[in-house]
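Shown below: entry-v7.pdb, with PDB, C-alpha atoms and all ligand atoms.
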```pdb
ATOM      1  CA  MET A 256      -1.909  40.132 -83.121  1.00  0.00           C
ATOM      2  CA  THR A 257      -2.926  42.989 -80.854  1.00  0.00           C
ATOM      3  CA  GLU A 258      -0.521  45.731 -79.784  1.00  0.00           C
ATOM      4  CA  ARG A 259      -0.582  44.386 -76.194  1.00  0.00           C
ATOM      5  CA  MET A 260       0.260  40.825 -77.289  1.00  0.00           C
ATOM      6  CA  SER A 261       3.048  42.126 -79.479  1.00  0.00           C
ATOM      7  CA  ARG A 262       4.576  44.057 -76.551  1.00  0.00           C
ATOM      8  CA  GLN A 263       4.389  40.937 -74.350  1.00  0.00           C
ATOM      9  CA  ALA A 264       6.097  38.831 -77.019  1.00  0.00           C
ATOM     10  CA  ARG A 265       8.835  41.462 -77.416  1.00  0.00           C
ATOM     11  CA  ARG A 266       9.371  41.585 -73.633  1.00  0.00           C
ATOM     12  CA  ARG A 267       9.595  37.784 -73.448  1.00  0.00           C
ATOM     13  CA  PHE A 268      12.086  37.738 -76.328  1.00  0.00           C
ATOM     14  CA  LEU A 269      14.244  40.394 -74.647  1.00  0.00           C
ATOM     15  CA  LYS A 270      14.225  38.450 -71.354  1.00  0.00           C
ATOM     16  CA  LEU A 271      15.362  35.276 -73.122  1.00  0.00           C
ATOM     17  CA  ALA A 272      18.039  37.159 -75.056  1.00  0.00           C
ATOM     18  CA  VAL A 273      19.419  38.736 -71.852  1.00  0.00           C
ATOM     19  CA  ALA A 274      19.372  35.374 -70.031  1.00  0.00           C
ATOM     20  CA  GLY A 275      21.168  33.701 -72.949  1.00  0.00           C
ATOM     21  CA  ALA A 276      23.804  36.429 -73.123  1.00  0.00           C
ATOM     22  CA  ALA A 277      24.381  36.137 -69.373  1.00  0.00           C
ATOM     23  CA  ALA A 278      24.779  32.360 -69.579  1.00  0.00           C
ATOM     24  CA  MET A 279      27.372  32.387 -72.381  1.00  0.00           C
ATOM     25  CA  PRO A 280      30.388  33.545 -70.341  1.00  0.00           C
ATOM     26  CA  LEU A 281      29.375  31.109 -67.581  1.00  0.00           C
ATOM     27  CA  SER A 282      29.332  28.124 -69.934  1.00  0.00           C
ATOM     28  CA  GLY A 283      32.691  29.203 -71.336  1.00  0.00           C
ATOM     29  CA  THR A 284      34.125  29.338 -67.823  1.00  0.00           C
ATOM     30  CA  LEU A 285      32.758  25.896 -66.976  1.00  0.00           C
ATOM     31  CA  GLY A 286      34.334  24.436 -70.122  1.00  0.00           C
ATOM     32  CA  LEU A 287      37.672  25.985 -69.185  1.00  0.00           C
ATOM     33  CA  ARG A 288      37.423  24.615 -65.627  1.00  0.00           C
ATOM     34  CA  ARG A 289      36.654  21.124 -66.980  1.00  0.00           C
ATOM     35  CA  ALA A 290      39.731  21.310 -69.214  1.00  0.00           C
ATOM     36  CA  GLN A 291      41.874  22.519 -66.316  1.00  0.00           C
ATOM     37  CA  ALA A 292      40.504  19.813 -64.012  1.00  0.00           C
ATOM     38  CA  GLN A 293      42.439  17.116 -65.879  1.00  0.00           C
ATOM     39  CA  GLU A 294      45.282  16.357 -63.546  1.00  0.00           C
ATOM     40  CA  GLN A 295      47.754  13.530 -63.796  1.00  0.00           C
ATOM     41  CA  VAL A 296      46.778  10.658 -61.511  1.00  0.00           C
ATOM     42  CA  SER A 297      49.581   9.705 -59.156  1.00  0.00           C
ATOM     43  CA  PRO A 298      50.017   6.082 -58.057  1.00  0.00           C
ATOM     44  CA  ASP A 299      50.325   7.569 -54.553  1.00  0.00           C
ATOM     45  CA  ASP A 300      46.782   9.006 -54.619  1.00  0.00           C
ATOM     46  CA  GLU A 301      44.460   7.203 -52.212  1.00  0.00           C
ATOM     47  CA  MET A 302      42.068   5.924 -54.875  1.00  0.00           C
ATOM     48  CA  ALA A 303      44.957   4.921 -57.145  1.00  0.00           C
ATOM     49  CA  LYS A 304      46.443   2.842 -54.333  1.00  0.00           C
ATOM     50  CA  GLU A 305      43.095   1.151 -53.665  1.00  0.00           C
ATOM     51  CA  LEU A 306      42.841   0.183 -57.337  1.00  0.00           C
ATOM     52  CA  GLY A 307      46.479  -0.843 -57.647  1.00  0.00           C
ATOM     53  CA  TYR A 308      47.164   1.794 -60.305  1.00  0.00           C
ATOM     54  CA  VAL A 309      50.684   1.841 -61.710  1.00  0.00           C
ATOM     55  CA  GLU A 310      52.068   3.982 -64.521  1.00  0.00           C
ATOM     56  CA  ASP A 311      53.844   1.010 -66.066  1.00  0.00           C
ATOM     57  CA  ALA A 312      51.793  -2.192 -66.344  1.00  0.00           C
ATOM     58  CA  SER A 313      54.956  -4.308 -66.318  1.00  0.00           C
ATOM     59  CA  GLN A 314      55.372  -3.228 -62.674  1.00  0.00           C
ATOM     60  CA  VAL A 315      52.028  -4.707 -61.516  1.00  0.00           C
ATOM     61  CA  ASP A 316      52.423  -6.867 -58.420  1.00  0.00           C
ATOM     62  CA  ALA A 317      50.685  -9.950 -59.826  1.00  0.00           C
ATOM     63  CA  GLY A 318      50.558 -11.502 -56.355  1.00  0.00           C
ATOM     64  CA  ALA A 319      48.536  -8.590 -55.012  1.00  0.00           C
ATOM     65  CA  TRP A 320      46.493  -8.196 -58.219  1.00  0.00           C
ATOM     66  CA  PRO A 321      45.782 -11.708 -59.583  1.00  0.00           C
ATOM     67  CA  THR A 322      43.308 -10.405 -62.176  1.00  0.00           C
ATOM     68  CA  TYR A 323      46.165  -8.746 -64.059  1.00  0.00           C
ATOM     69  CA  GLU A 324      47.168 -10.446 -67.294  1.00  0.00           C
ATOM     70  CA  GLU A 325      50.158  -9.526 -69.395  1.00  0.00           C
ATOM     71  CA  GLY A 326      49.197  -7.187 -72.229  1.00  0.00           C
ATOM     72  CA  GLN A 327      46.556  -5.302 -70.260  1.00  0.00           C
ATOM     73  CA  THR A 328      47.274  -1.563 -70.228  1.00  0.00           C
ATOM     74  CA  CYS A 329      45.271   1.609 -69.916  1.00  0.00           C
ATOM     75  CA  ALA A 330      45.649   2.100 -73.679  1.00  0.00           C
ATOM     76  CA  ASN A 331      43.537  -1.019 -74.350  1.00  0.00           C
ATOM     77  CA  CYS A 332      41.070  -0.435 -71.494  1.00  0.00           C
ATOM     78  CA  GLN A 333      37.487   0.505 -72.298  1.00  0.00           C
ATOM     79  CA  LEU A 334      37.603   3.312 -69.721  1.00  0.00           C
ATOM     80  CA  PHE A 335      40.610   5.066 -71.307  1.00  0.00           C
ATOM     81  CA  HIS A 336      39.880   8.003 -73.630  1.00  0.00           C
ATOM     82  CA  GLY A 337      43.331   9.038 -74.755  1.00  0.00           C
ATOM     83  CA  GLN A 338      44.320   9.443 -78.367  1.00  0.00           C
ATOM     84  CA  GLN A 339      46.395   6.703 -79.938  1.00  0.00           C
ATOM     85  CA  GLY A 340      50.097   7.463 -79.549  1.00  0.00           C
ATOM     86  CA  GLN A 341      49.675   9.834 -76.599  1.00  0.00           C
ATOM     87  CA  GLU A 342      51.417   8.977 -73.337  1.00  0.00           C
ATOM     88  CA  THR A 343      48.413   9.897 -71.174  1.00  0.00           C
ATOM     89  CA  GLY A 344      44.665  10.130 -71.500  1.00  0.00           C
ATOM     90  CA  PRO A 345      41.518  10.694 -69.450  1.00  0.00           C
ATOM     91  CA  CYS A 346      40.122   7.738 -67.514  1.00  0.00           C
ATOM     92  CA  ASP A 347      36.474   7.368 -66.485  1.00  0.00           C
ATOM     93  CA  ILE A 348      37.331   5.696 -63.166  1.00  0.00           C
ATOM     94  CA  PHE A 349      39.486   8.683 -62.202  1.00  0.00           C
ATOM     95  CA  MET A 350      36.803  11.183 -63.208  1.00  0.00           C
ATOM     96  CA  GLY A 351      38.523  12.203 -66.414  1.00  0.00           C
ATOM     97  CA  ASN A 352      41.920  12.800 -64.864  1.00  0.00           C
ATOM     98  CA  LEU A 353      44.923  11.608 -66.834  1.00  0.00           C
ATOM     99  CA  VAL A 354      46.437   8.161 -66.531  1.00  0.00           C
ATOM    100  CA  ALA A 355      49.456   6.713 -68.324  1.00  0.00           C
ATOM    101  CA  ALA A 356      48.655   4.827 -71.546  1.00  0.00           C
ATOM    102  CA  ALA A 357      51.191   2.221 -70.388  1.00  0.00           C
ATOM    103  CA  GLY A 358      49.559   2.026 -66.937  1.00  0.00           C
ATOM    104  CA  TRP A 359      47.098  -0.371 -65.400  1.00  0.00           C
ATOM    105  CA  CYS A 360      44.657  -0.677 -62.500  1.00  0.00           C
ATOM    106  CA  SER A 361      42.361  -3.409 -61.188  1.00  0.00           C
ATOM    107  CA  ALA A 362      39.327  -1.763 -62.828  1.00  0.00           C
ATOM    108  CA  TRP A 363      40.724  -2.633 -66.269  1.00  0.00           C
ATOM    109  CA  VAL A 364      38.005  -3.606 -68.798  1.00  0.00           C
ATOM    110  CA  ALA A 365      38.786  -4.982 -72.266  1.00  0.00           C
ATOM    111  CA  ARG A 366      38.191  -2.392 -74.969  1.00  0.00           C
ATOM    112  CA  GLU A 367      35.342  -3.393 -77.260  1.00  0.00           C
ATOM    113  CA  GLY A 368      35.776  -3.329 -80.989  1.00  0.00           C
TER     114      GLY A 368
HETATM  115 FE1  LIG A 401      43.827   2.427 -66.763  1.00  0.00          FE
HETATM  116 FE2  LIG A 401      41.436   1.358 -67.271  1.00  0.00          FE
HETATM  117 FE3  LIG A 401      42.363   1.483 -64.762  1.00  0.00          FE
HETATM  118 FE4  LIG A 401      41.614   3.691 -66.008  1.00  0.00          FE
HETATM  119  S1  LIG A 401      40.292   1.967 -65.455  1.00  0.00           S
HETATM  120  S2  LIG A 401      43.475   3.412 -64.799  1.00  0.00           S
HETATM  121  S3  LIG A 401      42.239   3.280 -68.100  1.00  0.00           S
HETATM  122  S4  LIG A 401      43.241   0.276 -66.457  1.00  0.00           S
END
```
As a first step, turn the structure in this file into structure tokens.
Amino acid sequence: MTERMSRQARRRFLKLAVAGAAAMPLSGTLGLRRAQAQEQVSPDDEMAKELGYVEDASQVDAGAWPTYEEGQTCANCQLFHGQQGQETGPCDIFMGNLVAAAGWCSAWVAREG
């Protein structure tokens, strides 16, 4: 390797190292924002109303939502990502915001497996 090539390689390495160091705090901030973005979904939110979301599945208006069947809750919905035993968890339909494990909406999908 010539001296010139070696200097070019060193310069390229330093550029990458600086760019990586600059990106680290940014990725940390984005992760924090994502964690903070998890808000509790309210049944009064516009999208929640459109989907018939309720925090207690026993309160579903079966006349308005004929697809509802007893036993369906967010906790056994494929789109729910809460931990077992927790009262709330992130839901894909609500962009990761928190829904009640005991809740329900018309987008309910049977959990596989
Ligand atoms: Fe609950 Fe599933 Fe509707 Fe999300 S999509 S609110 S987890 S029933």
Any chance you could resolve the PyMOL selection byres (((chain A and resi 354) around 7) and not hetatm) against this file and give the residues as a PyMOL selection string?
chain A and resi 295-296+343-346+352-353+355-356+358
Provide the atom S4 of ligand LIG 401 (chain A) to atom CA of Gln333 of chain A distance in Å, to one decimal place.
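Separation between atom S4 of ligand LIG 401 (chain A) and atom CA of Gln333 of chain A: 8.2 Å.
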Contact check, chain A to ligand LIG 401 (chain A), at most 6 Å, counting all atoms listed in the file, closest pairs as CSV:
```
residue,atom,partner,partner_atom,distance
A:Thr328,CA,A:LIG401,S4,5.8
A:Cys329,CA,A:LIG401,FE1,3.6
A:Cys332,CA,A:LIG401,FE2,4.6
A:Leu334,CA,A:LIG401,S3,4.9
A:Phe335,CA,A:LIG401,S3,4.0
A:Cys346,CA,A:LIG401,FE4,4.6
A:Ile348,CA,A:LIG401,S1,5.3
A:Val354,CA,A:LIG401,S2,5.9
A:Gly358,CA,A:LIG401,FE1,5.7
A:Trp359,CA,A:LIG401,S4,4.1
A:Cys360,CA,A:LIG401,FE3,3.9
A:Ala362,CA,A:LIG401,S1,4.7
A:Trp363,CA,A:LIG401,S4,3.9
```
In Å, how far is it from atom CA of Phe349 of chain A to atom CA of Met302 of chain A?
8.2 Å
For Asp347 of chain A, which of A:Asp311, A:Val364, A:Trp320, A:Asp299 is the closest residue, counting all atoms listed in the file?
A:Val364
Tell me, in Å to one decimal, how far atom CA of Gly337 of chain A is from atom CA of Ser361 of chain A.
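Between atom CA of Gly337 of chain A and atom CA of Ser361 of chain A the gap is 18.4 Å.
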Looking at all atoms listed in the file, which of A:Ala357, A:Glu324, A:Ala312, A:Met350 is the one that sits closest to Gln293 of chain A?
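Comparing A:Ala357, A:Glu324, A:Ala312, A:Met350 against Gln293 of chain A, the winner is A:Met350.
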With all heavy atoms as the goal, would you fill in the gaps in segment 311-322 of chain A and present it as a PDB file, keeping the file's coordinate frame?
```pdb
ATOM      1  N   ASP A 311      53.218   1.958 -65.143  1.00  0.00           N
ATOM      2  CA  ASP A 311      53.844   1.010 -66.066  1.00  0.00           C
ATOM      3  C   ASP A 311      53.307  -0.386 -65.735  1.00  0.00           C
ATOM      4  O   ASP A 311      53.631  -0.956 -64.683  1.00  0.00           O
ATOM      5  CB  ASP A 311      55.370   1.068 -65.889  1.00  0.00           C
ATOM      6  CG  ASP A 311      56.097   0.080 -66.781  1.00  0.00           C
ATOM      7  OD1 ASP A 311      55.441  -0.740 -67.463  1.00  0.00           O
ATOM      8  OD2 ASP A 311      57.341   0.121 -66.784  1.00  0.00           O
ATOM      9  N   ALA A 312      52.472  -0.921 -66.623  1.00  0.00           N
ATOM     10  CA  ALA A 312      51.793  -2.192 -66.344  1.00  0.00           C
ATOM     11  C   ALA A 312      52.768  -3.330 -66.064  1.00  0.00           C
ATOM     12  O   ALA A 312      52.414  -4.280 -65.371  1.00  0.00           O
ATOM     13  CB  ALA A 312      50.872  -2.551 -67.513  1.00  0.00           C
ATOM     14  N   SER A 313      53.990  -3.229 -66.572  1.00  0.00           N
ATOM     15  CA  SER A 313      54.956  -4.308 -66.318  1.00  0.00           C
ATOM     16  C   SER A 313      55.369  -4.340 -64.845  1.00  0.00           C
ATOM     17  O   SER A 313      56.002  -5.298 -64.401  1.00  0.00           O
ATOM     18  CB  SER A 313      56.178  -4.169 -67.229  1.00  0.00           C
ATOM     19  OG  SER A 313      56.949  -3.045 -66.840  1.00  0.00           O
ATOM     20  N   GLN A 314      55.011  -3.301 -64.098  1.00  0.00           N
ATOM     21  CA  GLN A 314      55.372  -3.228 -62.674  1.00  0.00           C
ATOM     22  C   GLN A 314      54.239  -3.704 -61.758  1.00  0.00           C
ATOM     23  O   GLN A 314      54.345  -3.604 -60.539  1.00  0.00           O
ATOM     24  CB  GLN A 314      55.718  -1.773 -62.303  1.00  0.00           C
ATOM     25  CG  GLN A 314      56.854  -1.177 -63.122  1.00  0.00           C
ATOM     26  CD  GLN A 314      58.152  -1.958 -62.966  1.00  0.00           C
ATOM     27  OE1 GLN A 314      58.565  -2.240 -61.851  1.00  0.00           O
ATOM     28  NE2 GLN A 314      58.769  -2.329 -64.074  1.00  0.00           N
ATOM     29  N   VAL A 315      53.144  -4.233 -62.342  1.00  0.00           N
ATOM     30  CA  VAL A 315      52.028  -4.707 -61.516  1.00  0.00           C
ATOM     31  C   VAL A 315      52.490  -5.852 -60.628  1.00  0.00           C
ATOM     32  O   VAL A 315      53.167  -6.777 -61.098  1.00  0.00           O
ATOM     33  CB  VAL A 315      50.841  -5.185 -62.405  1.00  0.00           C
ATOM     34  CG1 VAL A 315      49.758  -5.827 -61.535  1.00  0.00           C
ATOM     35  CG2 VAL A 315      50.268  -4.031 -63.201  1.00  0.00           C
ATOM     36  N   ASP A 316      52.130  -5.779 -59.366  1.00  0.00           N
ATOM     37  CA  ASP A 316      52.423  -6.867 -58.420  1.00  0.00           C
ATOM     38  C   ASP A 316      51.337  -7.932 -58.634  1.00  0.00           C
ATOM     39  O   ASP A 316      50.238  -7.836 -58.102  1.00  0.00           O
ATOM     40  CB  ASP A 316      52.376  -6.303 -56.995  1.00  0.00           C
ATOM     41  CG  ASP A 316      52.616  -7.375 -55.942  1.00  0.00           C
ATOM     42  OD1 ASP A 316      52.680  -8.583 -56.286  1.00  0.00           O
ATOM     43  OD2 ASP A 316      52.726  -6.998 -54.764  1.00  0.00           O
ATOM     44  N   ALA A 317      51.678  -8.935 -59.443  1.00  0.00           N
ATOM     45  CA  ALA A 317      50.685  -9.950 -59.826  1.00  0.00           C
ATOM     46  C   ALA A 317      50.186 -10.744 -58.624  1.00  0.00           C
ATOM     47  O   ALA A 317      49.066 -11.264 -58.639  1.00  0.00           O
ATOM     48  CB  ALA A 317      51.275 -10.888 -60.876  1.00  0.00           C
ATOM     49  N   GLY A 318      50.994 -10.814 -57.566  1.00  0.00           N
ATOM     50  CA  GLY A 318      50.558 -11.502 -56.355  1.00  0.00           C
ATOM     51  C   GLY A 318      49.430 -10.743 -55.671  1.00  0.00           C
ATOM     52  O   GLY A 318      48.459 -11.337 -55.196  1.00  0.00           O
ATOM     53  N   ALA A 319      49.553  -9.426 -55.654  1.00  0.00           N
ATOM     54  CA  ALA A 319      48.536  -8.590 -55.012  1.00  0.00           C
ATOM     55  C   ALA A 319      47.322  -8.380 -55.920  1.00  0.00           C
ATOM     56  O   ALA A 319      46.219  -8.139 -55.438  1.00  0.00           O
ATOM     57  CB  ALA A 319      49.144  -7.243 -54.636  1.00  0.00           C
ATOM     58  N   TRP A 320      47.558  -8.462 -57.243  1.00  0.00           N
ATOM     59  CA  TRP A 320      46.493  -8.196 -58.219  1.00  0.00           C
ATOM     60  C   TRP A 320      46.394  -9.373 -59.197  1.00  0.00           C
ATOM     61  O   TRP A 320      46.821  -9.278 -60.342  1.00  0.00           O
ATOM     62  CB  TRP A 320      46.759  -6.879 -58.959  1.00  0.00           C
ATOM     63  CG  TRP A 320      46.923  -5.731 -58.018  1.00  0.00           C
ATOM     64  CD1 TRP A 320      48.075  -5.131 -57.624  1.00  0.00           C
ATOM     65  CD2 TRP A 320      45.869  -5.074 -57.305  1.00  0.00           C
ATOM     66  NE1 TRP A 320      47.816  -4.143 -56.709  1.00  0.00           N
ATOM     67  CE2 TRP A 320      46.472  -4.075 -56.496  1.00  0.00           C
ATOM     68  CE3 TRP A 320      44.482  -5.214 -57.263  1.00  0.00           C
ATOM     69  CZ2 TRP A 320      45.727  -3.244 -55.659  1.00  0.00           C
ATOM     70  CZ3 TRP A 320      43.747  -4.380 -56.428  1.00  0.00           C
ATOM     71  CH2 TRP A 320      44.374  -3.417 -55.650  1.00  0.00           C
ATOM     72  N   PRO A 321      45.815 -10.494 -58.746  1.00  0.00           N
ATOM     73  CA  PRO A 321      45.782 -11.708 -59.583  1.00  0.00           C
ATOM     74  C   PRO A 321      44.930 -11.585 -60.848  1.00  0.00           C
ATOM     75  O   PRO A 321      45.056 -12.427 -61.744  1.00  0.00           O
ATOM     76  CB  PRO A 321      45.203 -12.772 -58.633  1.00  0.00           C
ATOM     77  CG  PRO A 321      44.526 -12.022 -57.538  1.00  0.00           C
ATOM     78  CD  PRO A 321      45.232 -10.710 -57.424  1.00  0.00           C
ATOM     79  N   THR A 322      44.115 -10.551 -60.953  1.00  0.00           N
ATOM     80  CA  THR A 322      43.308 -10.405 -62.176  1.00  0.00           C
ATOM     81  C   THR A 322      44.142  -9.849 -63.331  1.00  0.00           C
ATOM     82  O   THR A 322      43.726  -9.915 -64.482  1.00  0.00           O
ATOM     83  CB  THR A 322      42.107  -9.459 -61.952  1.00  0.00           C
ATOM     84  OG1 THR A 322      42.591  -8.187 -61.534  1.00  0.00           O
ATOM     85  CG2 THR A 322      41.137 -10.030 -60.921  1.00  0.00           C
TER      86      THR A 322
END
```
